[in-house]
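Trainee: Input file: target.csv. Contents: CSV, C-alpha atoms.
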```
chain,number,residue,atom,x,y,z
A,124,MET,CA,114.6,96.3,108.3
A,125,ILE,CA,116.1,94.4,111.2
A,126,ILE,CA,114.9,91.0,112.5
A,127,SER,CA,116.7,90.2,115.7
A,128,HIS,CA,116.4,86.6,116.8
A,129,LYS,CA,118.8,87.4,119.6
A,130,HIS,CA,116.5,90.1,121.2
A,131,LYS,CA,113.2,89.0,119.6
A,132,PHE,CA,112.3,92.1,117.8
A,133,ILE,CA,111.5,93.3,114.2
A,134,PHE,CA,112.1,96.9,113.2
A,135,TYR,CA,110.3,97.9,110.1
A,136,LYS,CA,111.8,100.9,108.2
A,137,PRO,CA,109.4,103.1,106.2
A,138,LEU,CA,110.7,105.9,103.9
A,139,LYS,CA,111.9,109.2,105.3
A,140,VAL,CA,111.1,108.7,109.0
A,141,GLY,CA,114.6,108.5,110.6
A,142,GLY,CA,114.8,104.8,110.1
A,143,SER,CA,118.4,104.7,109.1
A,144,SER,CA,119.5,106.5,112.3
A,145,ILE,CA,117.5,104.0,114.4
A,146,GLU,CA,119.0,101.0,112.6
A,147,VAL,CA,122.6,102.1,112.9
A,148,ASN,CA,122.2,102.1,116.7
A,149,LEU,CA,120.2,98.8,116.8
A,150,LEU,CA,122.6,96.9,114.7
A,151,LYS,CA,125.2,97.2,117.4
A,152,HIS,CA,123.1,94.8,119.5
A,153,CYS,CA,122.4,92.2,116.9
A,154,GLY,CA,123.8,88.7,116.7
A,155,PRO,CA,125.4,86.8,113.8
A,156,GLU,CA,122.1,85.1,113.0
A,157,ASP,CA,120.1,88.3,112.9
A,158,ILE,CA,118.8,89.8,109.6
A,159,LEU,CA,120.1,93.2,108.8
A,160,THR,CA,119.1,94.8,105.4
A,161,GLY,CA,121.7,97.5,105.9
A,162,SER,CA,122.2,100.5,103.6
A,163,ASP,CA,123.0,100.8,99.9
A,164,ILE,CA,124.9,104.0,100.5
A,165,VAL,CA,128.7,103.4,100.6
A,166,GLU,CA,129.5,106.2,103.1
A,167,GLU,CA,127.0,104.7,105.6
A,168,GLN,CA,128.4,101.3,105.1
A,169,GLN,CA,132.0,102.4,105.7
A,170,ARG,CA,131.5,104.9,108.5
A,171,HIS,CA,128.8,103.1,110.5
A,172,GLY,CA,129.3,99.4,109.5
A,173,TYR,CA,125.7,99.7,108.2
A,174,THR,CA,125.9,96.6,105.9
A,175,HIS,CA,123.5,93.8,105.2
A,176,ARG,CA,123.6,90.4,106.9
A,177,ASN,CA,121.6,87.2,106.1
A,178,VAL,CA,119.4,88.8,103.4
A,179,PHE,CA,119.9,86.2,100.7
A,180,ASN,CA,117.9,83.0,100.1
A,181,SER,CA,119.5,79.6,99.2
A,182,ASP,CA,119.7,80.6,95.5
A,183,GLY,CA,121.7,83.8,96.3
A,184,ILE,CA,118.7,86.0,95.5
A,185,THR,CA,117.9,88.9,97.8
A,186,HIS,CA,115.3,87.7,100.2
A,187,PHE,CA,114.8,90.8,102.3
A,188,HIS,CA,114.8,94.5,101.4
A,189,MET,CA,115.5,97.5,103.6
A,190,HIS,CA,111.9,98.6,103.2
A,191,THR,CA,110.2,95.2,103.6
A,192,GLY,CA,106.9,95.7,105.2
A,193,PRO,CA,104.8,93.5,107.5
A,194,GLU,CA,102.6,92.0,104.8
A,195,LEU,CA,105.5,91.1,102.5
A,196,LEU,CA,107.5,89.6,105.4
A,197,LYS,CA,104.6,87.2,106.0
A,198,LEU,CA,104.6,86.2,102.4
A,199,ILE,CA,108.4,85.8,102.3
A,200,THR,CA,108.8,83.8,105.4
A,201,GLN,CA,105.4,82.3,106.3
A,202,ASN,CA,106.6,82.4,109.9
A,203,ASP,CA,104.7,83.2,113.1
A,204,TRP,CA,106.3,86.4,114.4
A,205,SER,CA,103.7,86.8,117.3
A,206,ASP,CA,106.4,86.6,120.0
A,207,TYR,CA,108.6,89.3,118.5
A,208,PHE,CA,108.3,92.9,119.5
A,209,LYS,CA,107.4,94.7,116.3
A,210,PHE,CA,108.0,98.4,115.9
A,211,SER,CA,108.3,101.1,113.2
A,212,ALA,CA,108.3,104.8,112.8
A,213,VAL,CA,106.0,107.6,111.5
A,214,ARG,CA,106.4,111.2,110.5
A,215,ASN,CA,104.0,114.1,109.8
A,216,PRO,CA,103.0,113.4,106.2
A,217,TRP,CA,103.2,117.0,105.0
A,218,ASP,CA,106.8,117.2,106.3
A,219,LEU,CA,107.6,113.7,105.0
A,220,CYS,CA,106.6,114.6,101.4
A,221,VAL,CA,108.9,117.7,101.4
A,222,SER,CA,111.8,115.5,102.6
A,223,TYR,CA,111.1,112.9,99.9
A,224,PHE,CA,110.9,115.7,97.3
A,225,TRP,CA,114.5,116.8,98.1
A,226,TRP,CA,115.7,113.2,98.5
A,227,CYS,CA,114.6,112.2,95.0
A,228,PHE,CA,116.9,114.8,93.4
A,229,TYR,CA,119.8,114.9,95.9
A,230,SER,CA,120.2,111.4,97.2
A,231,PRO,CA,123.5,109.6,96.5
A,232,HIS,CA,121.6,107.5,93.9
A,233,SER,CA,120.8,110.6,92.0
A,234,ALA,CA,124.3,112.1,92.2
A,235,ASN,CA,125.0,111.6,88.5
A,236,SER,CA,121.4,111.9,87.3
A,237,ILE,CA,120.1,114.3,84.8
A,238,SER,CA,117.0,114.7,87.1
A,239,ARG,CA,118.8,117.4,88.9
A,240,LEU,CA,118.7,119.5,85.7
A,241,SER,CA,115.0,119.0,85.2
A,242,ARG,CA,112.7,122.0,85.7
A,243,THR,CA,111.1,120.3,88.7
A,244,ALA,CA,114.4,119.8,90.6
A,245,PRO,CA,114.6,122.2,93.6
A,246,GLN,CA,117.7,124.4,93.8
A,247,GLU,CA,119.4,125.8,96.8
A,248,ASP,CA,118.8,129.4,95.6
A,249,ASP,CA,115.1,128.9,94.8
A,250,ASP,CA,112.8,131.3,96.5
A,251,ILE,CA,109.7,130.0,98.3
A,252,SER,CA,107.3,130.6,95.4
A,253,THR,CA,109.6,128.7,93.1
A,254,LEU,CA,109.9,125.8,95.5
A,255,ARG,CA,106.1,125.7,96.0
A,256,ARG,CA,105.6,125.5,92.2
A,257,LYS,CA,108.2,122.8,91.8
A,258,PHE,CA,106.8,120.8,94.7
A,259,ALA,CA,103.3,120.9,93.3
A,260,GLN,CA,104.6,119.6,90.0
A,261,PHE,CA,106.4,116.8,91.8
A,262,LEU,CA,103.4,115.7,93.8
A,263,ALA,CA,101.3,115.5,90.7
A,264,CYS,CA,103.9,113.6,88.7
A,265,SER,CA,103.6,109.9,87.9
A,266,ALA,CA,106.7,107.7,88.2
A,267,ASP,CA,107.5,104.2,87.0
A,268,PHE,CA,108.3,102.2,90.1
A,269,THR,CA,110.1,99.4,88.4
A,270,SER,CA,112.0,98.1,91.4
A,271,GLY,CA,111.3,97.8,95.1
A,272,PRO,CA,110.5,95.3,97.9
A,273,ARG,CA,107.3,94.2,96.1
A,274,GLY,CA,108.9,94.1,92.7
A,275,PRO,CA,107.7,96.1,89.7
A,276,GLU,CA,104.7,98.2,90.5
A,277,GLY,CA,104.3,100.2,87.3
A,278,LYS,CA,103.4,103.8,86.9
A,279,GLN,CA,101.8,105.6,89.8
A,280,VAL,CA,101.3,109.1,91.1
A,281,ILE,CA,104.2,109.8,93.4
A,282,VAL,CA,102.2,111.1,96.4
A,283,ASP,CA,99.8,108.1,96.3
A,284,TRP,CA,102.6,105.6,96.1
A,285,LEU,CA,104.5,107.3,98.9
A,286,ALA,CA,101.4,107.3,101.1
A,287,ARG,CA,100.5,103.6,100.5
A,288,THR,CA,104.1,102.4,101.0
A,289,ASN,CA,104.5,104.2,104.3
A,290,GLN,CA,101.1,103.6,105.8
A,291,GLU,CA,101.4,99.8,105.5
A,292,PHE,CA,104.3,99.9,108.0
A,293,HIS,CA,101.9,100.9,110.8
A,294,GLN,CA,99.7,97.8,110.8
A,295,ASP,CA,99.9,95.4,113.8
A,296,MET,CA,102.8,97.2,115.4
A,297,ASP,CA,103.5,97.0,119.2
A,298,TYR,CA,105.1,100.5,119.1
A,299,VAL,CA,105.5,103.3,116.6
A,300,ILE,CA,108.3,105.9,117.0
A,301,ARG,CA,107.3,109.4,116.1
A,302,TYR,CA,109.9,111.3,114.0
A,303,GLU,CA,109.0,114.5,115.9
A,304,ASN,CA,110.0,112.8,119.2
A,305,LEU,CA,112.6,110.5,117.7
A,306,GLN,CA,115.3,110.3,120.4
A,307,GLU,CA,112.8,109.9,123.3
A,308,ASP,CA,110.6,107.4,121.5
A,309,TYR,CA,113.7,105.4,120.4
A,310,GLU,CA,114.9,105.3,124.0
A,311,ASN,CA,111.4,104.0,125.1
A,312,ALA,CA,111.7,101.2,122.6
A,313,CYS,CA,115.1,100.3,123.9
A,314,VAL,CA,113.8,100.2,127.5
A,315,THR,CA,111.1,97.8,126.4
A,316,LEU,CA,113.7,95.6,124.7
A,317,ASN,CA,116.1,95.9,127.6
A,318,LEU,CA,118.7,97.3,125.3
A,319,PRO,CA,121.2,100.1,126.2
A,320,HIS,CA,120.5,103.3,124.2
A,321,GLU,CA,122.6,106.2,123.1
A,322,LYS,CA,122.2,109.3,121.0
A,323,LEU,CA,121.0,108.7,117.5
A,324,PRO,CA,123.4,109.7,114.7
A,325,HIS,CA,122.4,112.2,112.0
A,326,LEU,CA,122.3,110.5,108.6
A,327,LYS,CA,121.3,111.7,105.1
A,328,SER,CA,121.3,115.3,106.4
A,329,LEU,CA,122.6,117.1,103.3
A,330,GLN,CA,119.8,116.5,100.8
A,331,ARG,CA,117.4,119.3,101.9
A,332,LYS,CA,119.1,122.4,100.6
A,333,SER,CA,116.5,125.0,101.8
A,334,PRO,CA,115.9,126.0,105.5
A,335,ALA,CA,112.2,126.8,104.7
A,336,HIS,CA,109.7,125.2,107.0
A,337,TYR,CA,107.7,122.4,105.3
A,338,SER,CA,104.5,124.4,105.4
A,339,ALA,CA,105.9,127.0,103.1
A,340,TYR,CA,105.8,124.5,100.3
A,341,TYR,CA,102.1,124.1,100.4
A,342,ASP,CA,99.1,125.8,98.9
A,343,GLU,CA,95.5,124.6,99.4
A,344,SER,CA,95.7,122.2,96.5
A,345,THR,CA,98.9,120.4,97.6
A,346,TYR,CA,97.7,120.5,101.2
A,347,ASP,CA,94.6,118.6,100.1
A,348,LYS,CA,96.5,116.1,98.0
A,349,VAL,CA,98.6,115.0,101.0
A,350,ARG,CA,95.7,115.1,103.4
A,351,HIS,CA,93.7,112.8,101.1
A,352,ALA,CA,96.6,110.4,100.3
A,353,PHE,CA,97.7,110.1,103.9
A,354,CYS,CA,94.3,110.2,105.5
A,355,THR,CA,94.9,106.9,107.4
A,356,SER,CA,98.1,108.1,109.1
A,357,ILE,CA,96.8,111.6,109.8
A,358,GLN,CA,93.7,110.2,111.5
A,359,GLU,CA,95.6,107.4,113.4
A,360,PHE,CA,98.4,109.5,114.7
A,361,GLU,CA,96.4,112.8,114.9
A,362,TYR,CA,98.8,114.8,112.8
A,363,LYS,CA,98.1,118.5,112.2
A,364,PHE,CA,99.4,120.8,109.5
A,365,ASP,CA,101.3,123.8,110.9
A,366,ASP,CA,99.9,126.5,108.6
A,367,SER,CA,101.8,129.4,110.2
A,368,GLU,CA,103.9,129.7,107.0
A,369,MET,CA,101.5,128.4,104.4
A,370,HIS,CA,100.9,131.8,102.8
A,371,HIS,CA,104.1,133.6,103.8
A,372,ASN,CA,107.6,133.5,102.6
A,373,LEU,CA,109.1,132.8,106.0
A,374,VAL,CA,111.7,130.3,107.0
A,375,SER,CA,112.7,128.6,110.2
A,376,PRO,CA,116.3,128.0,111.3
A,377,GLN,CA,118.2,125.3,109.5
A,378,ARG,CA,117.7,121.9,111.0
A,379,VAL,CA,119.5,118.6,110.6
A,380,GLU,CA,117.3,115.7,109.6
A,381,HIS,CA,117.5,112.1,110.7
A,382,GLN,CA,116.4,110.1,107.6
```
Kindly present the structure from the file in structure tokens form.
Mentor:
Amino acid sequence: MIISHKHKFIFYKPLKVGGSSIEVNLLKHCGPEDILTGSDIVEEQQRHGYTHRNVFNSDGITHFHMHTGPELLKLITQNDWSDYFKFSAVRNPWDLCVSYFWWCFYSPHSANSISRLSRTAPQEDDDISTLRRKFAQFLACSADFTSGPRGPEGKQVIVDWLARTNQEFHQDMDYVIRYENLQEDYENACVTLNLPHEKLPHLKSLQRKSPAHYSAYYDESTYDKVRHAFCTSIQEFEYKFDDSEMHHNLVSPQRVEHQ
């Protein structure tokens, strides 16, 4: 998340929507009093200067989190942000869930985790049927979300938690950047803010080991799980499922993700 008092904007960062790429460019225009939650990945901090600024309260406790949402911000600050331009980002939920699937096993935070050895962990040499089976197991799993911007949230089904935490970032926004149109929508936001814009960097691009199109991961059951969990986003942003590969072992060319 970035709160820029200098330019009067708030950028809210949901999970797996290209938010880090957006923030790396926006932070170049921020002033010393602006709030930058930064990255907790060392390589991003060192290479892009993507570090936090002004995130602690007077007791030295973290006051802002990189995924702080609109409702939590109101509770934390009790400020009136009505004169700030508020924007966020969104992504096709079926694609987002596949991205999060890989991220959970191959993010820098899981580098030394035994989770990579679990039977659910996707592997680079898995065929499509194996990936589809593992993905179905992953979506149905419950996880204990012991830490996060809202504090301990207990045990929840992963797909339900992911949907709820992402969809709350689209409330009361002045603008929402679509992941599928990331560069152009980012530039449109910069024009509104009267900021210079440049090409977005590629961050977190190494986690997704398979070039398979997201639709190849789904069967009717997993399709319905995501459709039900993300029904608000799907309806609001008119997302459609590309089912051209739903029942075929086809792959699309390797693509680099913005995360």
Trainee: How close does region 207-251 of chain A get to region 330-335 of chain A? List, as JSON lines, each residue of region 207-251 of chain A within 9 Å, its nearest atom pair and the distance in Å to one decimal, counting only C-alpha atoms.
Mentor:
```
{"residue": "A:Val221", "atom": "CA", "partner": "A:Arg331", "partner_atom": "CA", "distance": 8.7}
{"residue": "A:Ser222", "atom": "CA", "partner": "A:Arg331", "partner_atom": "CA", "distance": 6.8}
{"residue": "A:Phe224", "atom": "CA", "partner": "A:Arg331", "partner_atom": "CA", "distance": 8.7}
{"residue": "A:Trp225", "atom": "CA", "partner": "A:Arg331", "partner_atom": "CA", "distance": 5.4}
{"residue": "A:Trp226", "atom": "CA", "partner": "A:Gln330", "partner_atom": "CA", "distance": 5.7}
{"residue": "A:Cys227", "atom": "CA", "partner": "A:Gln330", "partner_atom": "CA", "distance": 8.9}
{"residue": "A:Phe228", "atom": "CA", "partner": "A:Gln330", "partner_atom": "CA", "distance": 8.1}
{"residue": "A:Tyr229", "atom": "CA", "partner": "A:Gln330", "partner_atom": "CA", "distance": 5.2}
{"residue": "A:Ser230", "atom": "CA", "partner": "A:Gln330", "partner_atom": "CA", "distance": 6.3}
{"residue": "A:Pro231", "atom": "CA", "partner": "A:Gln330", "partner_atom": "CA", "distance": 8.9}
{"residue": "A:Pro245", "atom": "CA", "partner": "A:Lys332", "partner_atom": "CA", "distance": 8.3}
{"residue": "A:Gln246", "atom": "CA", "partner": "A:Lys332", "partner_atom": "CA", "distance": 7.2}
{"residue": "A:Glu247", "atom": "CA", "partner": "A:Lys332", "partner_atom": "CA", "distance": 5.1}
{"residue": "A:Asp248", "atom": "CA", "partner": "A:Ser333", "partner_atom": "CA", "distance": 7.9}
{"residue": "A:Asp249", "atom": "CA", "partner": "A:Ser333", "partner_atom": "CA", "distance": 8.1}
{"residue": "A:Ile251", "atom": "CA", "partner": "A:Ala335", "partner_atom": "CA", "distance": 7.6}
```
Trainee: Between CA of Glu194 (chain A) and CA of Pro155 (chain A), what is the distance in Å, rounded to a tenth?
Mentor: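 CA of Pro155 (chain A) lies at a distance of 25.1 Å from CA of Glu194 (chain A).
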Trainee: Rounded to one decimal in Å, what is the spacing between CA of His171 (chain A) and CA of Glu146 (chain A)?
Mentor: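 Answer for the CA of His171 (chain A) to CA of Glu146 (chain A) separation: 10.2 Å.
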Trainee: I'd like the interatomic distance between CA of His336 (chain A) and CA of Gln306 (chain A), to a tenth of an Å.
Mentor: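 Between CA of His336 (chain A) and CA of Gln306 (chain A) the gap works out to 20.8 Å.
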Trainee: Determine, counting only C-alpha atoms, which protein, DNA and RNA residues have an atom within 12 Å of an atom of Trp217 (chain A); residues of the same chain fewer than 5 positions away are not included. Present the result as number ranges by chain.
Mentor: A: 139, 222-224, 258, 262, 282, 285-286, 336-342, 345-354, 356-357, 362-366, 369
Trainee: Point out the residue among A:Val280, A:Glu359, A:Gln294, A:Val213 with the least atom-to-atom distance to Gly141 (chain A), counting all atoms listed in the file.
Mentor: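 Using all atoms listed in the file, Gly141 (chain A) sits closest to A:Val213.
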Trainee: Fewer than 5 positions away in the same chain doesn't count, so skip those; otherwise give me all residues within 10 Å of Thr288 (chain A), counting only C-alpha atoms, as an NGL selection string.
Mentor: :A and (137-138 or 190-192 or 283)
Trainee: Check the smallest atom-to-atom distance from each of A:Val314, A:Glu307, A:Ser344, A:Tyr207 to Ala263 (chain A) using only C-alpha atoms, then report the winner.
Mentor: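 When distances to Ala263 (chain A) are compared using only C-alpha atoms, the smallest one comes from A:Ser344.
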Trainee: Quick one: residues within 8 Å of Ser265 (chain A), only C-alpha atoms, excluding same-chain residues fewer than 3 positions away - as number ranges by chain?
Mentor: A: 278-281
